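Below is one structure, written out as structure tokens; comments come after it.
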Amino acid sequence: MSKYEVVEKFVSINGEGTKAGQLAVFIRFKGCNLKCKYCDTKWANEQDTLYQPMTEEEILDYVLSTGVKNVTLTGGEPLLRDDIEKVITALAENNLNVEIETNGSIFLDKIRKLHKENVTFTMDYKLSCSGMEQSMNLGNFDILNSNDTVKFVVGSREDLIKTKQIMEKYNLYGKCNLYISPVFGMIEPEEIVDFMKENVMNDVNMQIQLHKIIWSPDKKGV
Ligand SMILES: C[S@@+](CC[C@H](N)C(=O)[O-])C[C@H]1O[C@@H](n2cnc3c(N)ncnc32)[C@H](O)[C@@H]1O
Ligand SMILES: Nc1nc2[nH]cc(C(=O)O)c2c(=O)[nH]1
Ligand code: SF4
Ligand SMILES: [Mg+2]
């Protein structure tokens with residue numbers, strides 16, 4: 001049985017997305033194929049970062065031991081491993097709500113074809129401030145459904161303008177949950193609200209990462 005490189009596992013309040021404010025178990029996997037300029041988890045992607053090798057069974061046992069029904073697979077980039085579907089299937093078959101935080105560069109078709117209703121994507125669309133926009137797999141917009149989320153992490157007005165353009169170009173309003181999130185400390189949340197009001201952006205959610213308010217913004221394990 002293959003082992004997955006888990007850099008941290010913890011229970012916290014989900015600070016982001018449609019389940020923000022709810023308890024969730026986090027499994028953070030090592031390594032990423034992108035290098036977003038703003039990444040708040042760079043440490044998880046360094047070659048020499050320590051990790052706990054865990055089988056899918058050990059991951060499942062840990063999640064079940066917490067009694068928490070929401071689980072977020074994140075990283076780093078959780079979908080880097082070809083066999084990650086074994087972890088996803090094991091969790092989904094135990095009636096857990098499985099959220100996959102993914103960076104938008106990996107085609108989601110294979111995981112969607114598992115046909116698990118309780119597996120949802122929270123997919124970033126990387127904007128200019130990340131420096132990774134060219135890595136986006138635009139085919140994913142045809143795969144996402146109303147249970148999924150596209151998250152736009154914005155660091156500037158330019159990013160906000162592009163966000164609106166992408167939402168319109170790919171007709172995302174009403175198709176899936178839409179979230180705009182500030183790059184922490186890089187843009188005032190008020191600027192996002194003003195932009196949403198200026199453009200009457202109905203059906204869009206503005207978020208602030210709750211865990212960076214509850215704890216110190218760079219605290220691990222929360
Ligand atoms: C650390 S990433 C891991 C999952 C995946 N690699 C991705 O980027 O979606 C989890 C989420 O944190 C967001 N994030 C990373 N650094 C951030 C920052 N400095 N401010 C706000 N959000 C940030 C990412 O955009 C992503 O939505
Ligand atoms: N509390 C908390 N909620 C989160 N939601 C998504 C996270 C992530 O890093 O993917 C995250 C995180 O790092 N902490
Ligand atoms: S894709 Fe996610 S983990 Fe990778 S560098 Fe960007 S924010 Fe960090
Ligand atoms: Mg995080």
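If you're wondering about the labels, chains in the structure tokens are A, B, ... by order shown, residues count from 1 in each chain, ligands from 1 in order shown.
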
- Message: Would you pick out the contacts of A:Tyr173 at 12 Å or less, using only C-alpha atoms, so that residues sharing its chain but fewer than 3 positions from it are not included, and give the list as a PyMOL selection string?
- Response: chain A and resi 141+145-146+149-150+163-170+176-179+201-205

Quick one: write out the picked residues with C-alpha atoms as a compact mmCIF listing (two decimals), in the first residue's frame?
```
# COMPACT_ATOMS: atom_id res chain seq x y z
CA PHE A 141 -14.83 25.07 -15.77
CA ASN A 145 -21.01 21.87 -10.61
CA SER A 146 -23.20 23.67 -8.08
CA THR A 149 -16.46 26.44 -5.59
CA VAL A 150 -14.18 28.64 -7.66
CA THR A 163 -12.04 37.98 -11.75
CA LYS A 164 -15.17 39.63 -13.16
CA GLN A 165 -14.01 38.93 -16.73
CA ILE A 166 -13.45 35.22 -15.99
CA MET A 167 -16.80 34.88 -14.23
CA GLU A 168 -18.51 36.42 -17.28
CA LYS A 169 -16.43 34.65 -19.95
CA TYR A 170 -17.07 31.20 -18.47
CA CYS A 176 -20.91 26.98 -8.87
CA ASN A 177 -20.16 28.81 -5.63
CA LEU A 178 -18.01 31.87 -6.30
CA TYR A 179 -15.64 33.28 -3.68
CA MET A 201 -21.83 41.27 -8.31
CA ASN A 202 -24.78 39.18 -7.17
CA ASP A 203 -24.21 35.46 -6.40
CA VAL A 204 -20.59 36.10 -5.35
CA ASN A 205 -19.24 35.63 -1.81
```

Per residue of chain A within 7 Å of ligand 2, record the nearest atom pair and its distance in Å to one decimal, counting only C-alpha atoms and all ligand atoms, with rows in chain order and ascending residue number, as a tab-separated table.
```
residue	atom	partner	partner_atom_place_in_ligand_line	distance
A:Ser12	CA	ligand 2	1 (N)	5.4
A:Ile13	CA	ligand 2	1 (N)	5.1
A:Asn14	CA	ligand 2	3 (N)	3.8
A:Gly15	CA	ligand 2	3 (N)	3.8
A:Glu16	CA	ligand 2	5 (N)	4.6
A:Thr74	CA	ligand 2	10 (O)	4.8
A:Gly75	CA	ligand 2	10 (O)	6.4
A:Glu101	CA	ligand 2	10 (O)	5.4
A:Leu210	CA	ligand 2	1 (N)	6.9
A:His211	CA	ligand 2	1 (N)	4.7
A:Val222	CA	ligand 2	1 (N)	4.9
```

- Among stretch 19-173 of chain A, which residues carry a DSSP assignment of helix (DSSP H, G or I), reported as a PyMOL selection string? chain A and resi 19+42-45+56-66+78-80+84-92+109-112+128-130+133-135+138-142+157-169

Write out as a Markdown table the residues of chain A that have any atom within 6 Å of an atom of ligand 1, one row each with the nearest atom pair and its distance in Å to one decimal, counting only C-alpha atoms and all ligand atoms, sorted by chain and then rising number.
```
| residue | atom | partner | partner_atom_place_in_ligand_line | distance |
| --- | --- | --- | --- | --- |
| A:Tyr38 | CA | ligand 1 | 19 (N) | 4.5 |
| A:Cys39 | CA | ligand 1 | 16 (N) | 3.6 |
| A:Asp40 | CA | ligand 1 | 16 (N) | 3.9 |
| A:Thr41 | CA | ligand 1 | 1 (C) | 5.0 |
| A:Thr74 | CA | ligand 1 | 4 (C) | 4.8 |
| A:Gly75 | CA | ligand 1 | 3 (C) | 4.4 |
| A:Gly76 | CA | ligand 1 | 6 (N) | 4.7 |
| A:Glu77 | CA | ligand 1 | 6 (N) | 4.1 |
| A:Glu101 | CA | ligand 1 | 4 (C) | 4.6 |
| A:Thr102 | CA | ligand 1 | 9 (O) | 4.1 |
| A:Asn103 | CA | ligand 1 | 9 (O) | 3.7 |
| A:Met123 | CA | ligand 1 | 9 (O) | 5.9 |
| A:Asp124 | CA | ligand 1 | 9 (O) | 5.0 |
| A:Val153 | CA | ligand 1 | 25 (O) | 5.5 |
| A:Pro182 | CA | ligand 1 | 21 (C) | 5.6 |
| A:Val183 | CA | ligand 1 | 20 (N) | 3.6 |
| A:Phe184 | CA | ligand 1 | 20 (N) | 4.0 |
```

Resulting file, chosen residues, all heavy atoms, as a CSV table (one decimal), in the first residue's frame:
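Result written to selection_29.csv:
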```
chain,number,residue,atom,x,y,z
A,38,TYR,N,2.3,34.6,-3.4
A,38,TYR,CA,1.7,34.9,-2.0
A,38,TYR,C,1.5,33.7,-1.1
A,38,TYR,O,0.9,33.8,-0.1
A,38,TYR,CB,0.3,35.6,-2.2
A,38,TYR,CG,-0.7,34.8,-3.0
A,38,TYR,CD1,-1.1,33.5,-2.6
A,38,TYR,CD2,-1.2,35.3,-4.2
A,38,TYR,CE1,-2.0,32.8,-3.3
A,38,TYR,CE2,-2.1,34.5,-5.0
A,38,TYR,CZ,-2.5,33.2,-4.5
A,38,TYR,OH,-3.4,32.5,-5.2
A,39,CYS,N,2.0,32.5,-1.6
A,39,CYS,CA,1.6,31.3,-0.8
A,39,CYS,C,1.9,31.4,0.7
A,39,CYS,O,3.0,31.7,1.1
A,39,CYS,CB,2.4,30.1,-1.4
A,39,CYS,SG,1.9,28.5,-0.6
A,40,ASP,N,0.8,31.1,1.4
A,40,ASP,CA,1.0,31.2,2.9
A,40,ASP,C,1.4,29.8,3.5
A,40,ASP,O,1.4,29.7,4.7
A,40,ASP,CB,-0.3,31.7,3.6
A,40,ASP,CG,-1.5,30.8,3.3
A,40,ASP,OD1,-1.3,29.7,2.9
A,40,ASP,OD2,-2.6,31.3,3.6
A,41,THR,N,1.7,28.9,2.6
A,41,THR,CA,2.0,27.5,3.1
A,41,THR,C,3.3,27.1,2.3
A,41,THR,O,3.4,25.9,2.1
A,41,THR,CB,0.8,26.6,2.9
A,41,THR,OG1,-0.4,27.3,3.2
A,41,THR,CG2,0.9,25.4,3.8
A,74,THR,N,-5.8,19.2,1.4
A,74,THR,CA,-5.1,20.4,1.0
A,74,THR,C,-3.6,20.2,0.9
A,74,THR,O,-3.1,19.1,1.0
A,74,THR,CB,-5.6,21.6,1.8
A,74,THR,OG1,-5.0,22.8,1.2
A,74,THR,CG2,-5.1,21.5,3.3
A,75,GLY,N,-2.9,21.3,0.8
A,75,GLY,CA,-1.4,21.1,0.8
A,75,GLY,C,-0.7,22.5,0.8
A,75,GLY,O,-1.2,23.4,1.4
A,76,GLY,N,0.3,22.6,0.1
A,76,GLY,CA,0.7,21.9,-1.1
A,76,GLY,C,-0.6,21.6,-2.0
A,76,GLY,O,-1.6,22.2,-1.8
A,77,GLU,N,-0.3,20.8,-3.0
A,77,GLU,CA,-1.4,20.5,-4.0
A,77,GLU,C,-1.8,19.0,-3.8
A,77,GLU,O,-1.0,18.1,-4.1
A,77,GLU,CB,-0.9,20.7,-5.4
A,77,GLU,CG,-1.9,20.3,-6.5
A,77,GLU,CD,-3.3,20.7,-6.2
A,77,GLU,OE1,-3.6,21.9,-6.0
A,77,GLU,OE2,-4.2,19.9,-6.3
A,101,GLU,N,-9.1,21.1,-1.8
A,101,GLU,CA,-8.6,22.5,-2.1
A,101,GLU,C,-7.5,22.3,-3.2
A,101,GLU,O,-6.5,21.7,-2.9
A,101,GLU,CB,-8.0,23.1,-0.9
A,101,GLU,CG,-9.0,23.7,0.1
A,101,GLU,CD,-9.3,25.1,-0.2
A,101,GLU,OE1,-8.8,25.7,-1.2
A,101,GLU,OE2,-10.1,25.7,0.6
A,102,THR,N,-7.8,22.7,-4.4
A,102,THR,CA,-6.9,22.4,-5.5
A,102,THR,C,-6.6,23.7,-6.3
A,102,THR,O,-7.4,24.7,-6.3
A,102,THR,CB,-7.5,21.3,-6.4
A,102,THR,OG1,-6.6,21.0,-7.4
A,102,THR,CG2,-8.8,21.7,-7.0
A,103,ASN,N,-5.4,23.7,-6.9
A,103,ASN,CA,-4.9,25.0,-7.4
A,103,ASN,C,-5.3,25.4,-8.9
A,103,ASN,O,-4.8,26.4,-9.4
A,103,ASN,CB,-3.4,25.0,-7.3
A,103,ASN,CG,-2.7,24.0,-8.2
A,103,ASN,OD1,-3.2,23.5,-9.2
A,103,ASN,ND2,-1.4,23.6,-7.8
A,123,MET,N,-11.7,25.1,-6.1
A,123,MET,CA,-10.7,25.3,-7.0
A,123,MET,C,-10.3,26.8,-7.1
A,123,MET,O,-11.1,27.6,-7.4
A,123,MET,CB,-11.1,24.8,-8.4
A,123,MET,CG,-10.0,24.8,-9.4
A,123,MET,SD,-10.6,24.5,-11.1
A,123,MET,CE,-11.1,26.1,-11.6
A,124,ASP,N,-9.0,27.1,-7.0
A,124,ASP,CA,-8.5,28.4,-7.2
A,124,ASP,C,-8.5,28.7,-8.7
A,124,ASP,O,-8.2,27.8,-9.5
A,124,ASP,CB,-7.1,28.6,-6.7
A,124,ASP,CG,-7.1,29.1,-5.3
A,124,ASP,OD1,-8.0,28.8,-4.5
A,124,ASP,OD2,-6.1,29.8,-5.0
A,153,VAL,N,-8.4,34.5,-5.5
A,153,VAL,CA,-7.6,35.1,-4.4
A,153,VAL,C,-6.9,36.4,-5.1
A,153,VAL,O,-6.1,36.3,-6.0
A,153,VAL,CB,-6.5,34.2,-3.9
A,153,VAL,CG1,-5.6,34.8,-2.8
A,153,VAL,CG2,-7.2,32.9,-3.3
A,182,PRO,N,-9.2,38.0,-0.2
A,182,PRO,CA,-8.0,38.9,-0.3
A,182,PRO,C,-6.7,38.1,-0.1
A,182,PRO,O,-6.7,37.3,0.8
A,182,PRO,CB,-8.2,39.9,0.8
A,182,PRO,CG,-9.1,39.2,1.8
A,182,PRO,CD,-10.0,38.2,1.0
A,183,VAL,N,-5.7,38.4,-0.8
A,183,VAL,CA,-4.3,37.9,-0.5
A,183,VAL,C,-4.1,38.6,0.9
A,183,VAL,O,-4.1,39.9,1.0
A,183,VAL,CB,-3.3,38.4,-1.5
A,183,VAL,CG1,-1.9,38.0,-1.0
A,183,VAL,CG2,-3.5,37.7,-2.8
A,184,PHE,N,-3.8,37.8,1.9
A,184,PHE,CA,-3.8,38.4,3.2
A,184,PHE,C,-2.8,39.6,3.3
A,184,PHE,O,-1.6,39.4,3.0
A,184,PHE,CB,-3.4,37.3,4.3
A,184,PHE,CG,-3.7,37.7,5.7
A,184,PHE,CD1,-4.9,37.7,6.2
A,184,PHE,CD2,-2.6,38.2,6.5
A,184,PHE,CE1,-5.2,38.1,7.5
A,184,PHE,CE2,-2.8,38.6,7.8
A,184,PHE,CZ,-4.1,38.6,8.3
```

- Å distance separating atom CA of A:Lys69 from atom CA of A:Leu96, one decimal place: 5.1 Å

- Message: From a backbone DSSP assignment, name each residue in stretch 7-217 of chain A labelled strand (DSSP E), as a ChimeraX atom specification.
- Response: /A:7-13,23-29,52-54,70-74,97-102,119-124,149-154,177-182,205-206

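When atom CA of A:Lys126 is paired with atom CA of A:Phe152, their separation reads 6.8 Å.
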
- Choose the residue, out of A:Pro53, A:Pro78, A:Gly174, A:Gly155, that has the smallest atom-to-atom separation from ligand 3; count only C-alpha atoms and all ligand atoms. A:Pro78

Residues within 12 Å of A:Leu108, only C-alpha atoms, excluding chain neighbours under 5 positions, as an mmCIF file with C-alpha atoms, in the first residue's frame:
```cif
data_model
loop_
_atom_site.group_PDB
_atom_site.id
_atom_site.type_symbol
_atom_site.label_atom_id
_atom_site.label_comp_id
_atom_site.auth_asym_id
_atom_site.auth_seq_id
_atom_site.Cartn_x
_atom_site.Cartn_y
_atom_site.Cartn_z
ATOM 1 C CA PRO A 78 -3.352 17.395 -2.911
ATOM 2 C CA LEU A 79 -4.044 16.164 -6.456
ATOM 3 C CA LEU A 80 -0.369 15.843 -7.399
ATOM 4 C CA ASP A 82 -1.900 9.956 -9.200
ATOM 5 C CA GLU A 85 -8.135 8.852 -5.535
ATOM 6 C CA ILE A 100 -10.487 19.145 -2.122
ATOM 7 C CA GLU A 101 -8.607 22.456 -2.123
ATOM 8 C CA THR A 102 -6.919 22.436 -5.513
ATOM 9 C CA ASN A 103 -4.901 25.004 -7.436
ATOM 10 C CA LYS A 113 -15.538 10.431 -12.583
ATOM 11 C CA LEU A 114 -15.483 8.773 -9.152
ATOM 12 C CA HIS A 115 -19.085 10.051 -9.061
ATOM 13 C CA VAL A 119 -16.642 15.006 -2.853
ATOM 14 C CA THR A 120 -16.442 18.676 -3.804
ATOM 15 C CA PHE A 121 -13.755 20.877 -5.317
ATOM 16 C CA THR A 122 -12.716 24.246 -4.036
ATOM 17 C CA MET A 123 -10.654 25.271 -7.020
ATOM 18 C CA MET A 136 -4.782 27.279 -15.163
ATOM 19 C CA ASN A 137 -6.555 24.314 -16.763
ATOM 20 C CA LEU A 138 -9.587 26.062 -18.233
ATOM 21 C CA GLY A 139 -11.220 22.728 -19.071
ATOM 22 C CA ASN A 140 -12.074 22.474 -15.372
ATOM 23 C CA PHE A 141 -14.830 25.071 -15.771
ATOM 24 C CA ASP A 142 -16.795 22.438 -17.711
ATOM 25 C CA ILE A 143 -16.439 19.934 -14.859
ATOM 26 C CA LEU A 144 -17.418 22.027 -11.852
ATOM 27 C CA ASN A 145 -21.013 21.866 -10.609
ATOM 28 C CA ASP A 148 -18.148 23.097 -6.132
#
```

- Message: What's around A:Ala92 at 12 Å? Count only C-alpha atoms, leave out sequence neighbours fewer than 3 positions away in its own chain, and write the answer as a ChimeraX atom specification.
- Response: /A:56,60,63-64,69-73,85-89,95-100,111,114-120

- In Å, rounded to a single decimal, give me how far atom CA of A:Val25 is from atom CA of A:Leu91. 11.5 Å

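Remark: for ligand 3, the closest of the candidate residues A:Thr66, A:Asn171, A:Ser135, A:Asn94 is A:Ser135 (distances computed over only C-alpha atoms and all ligand atoms).
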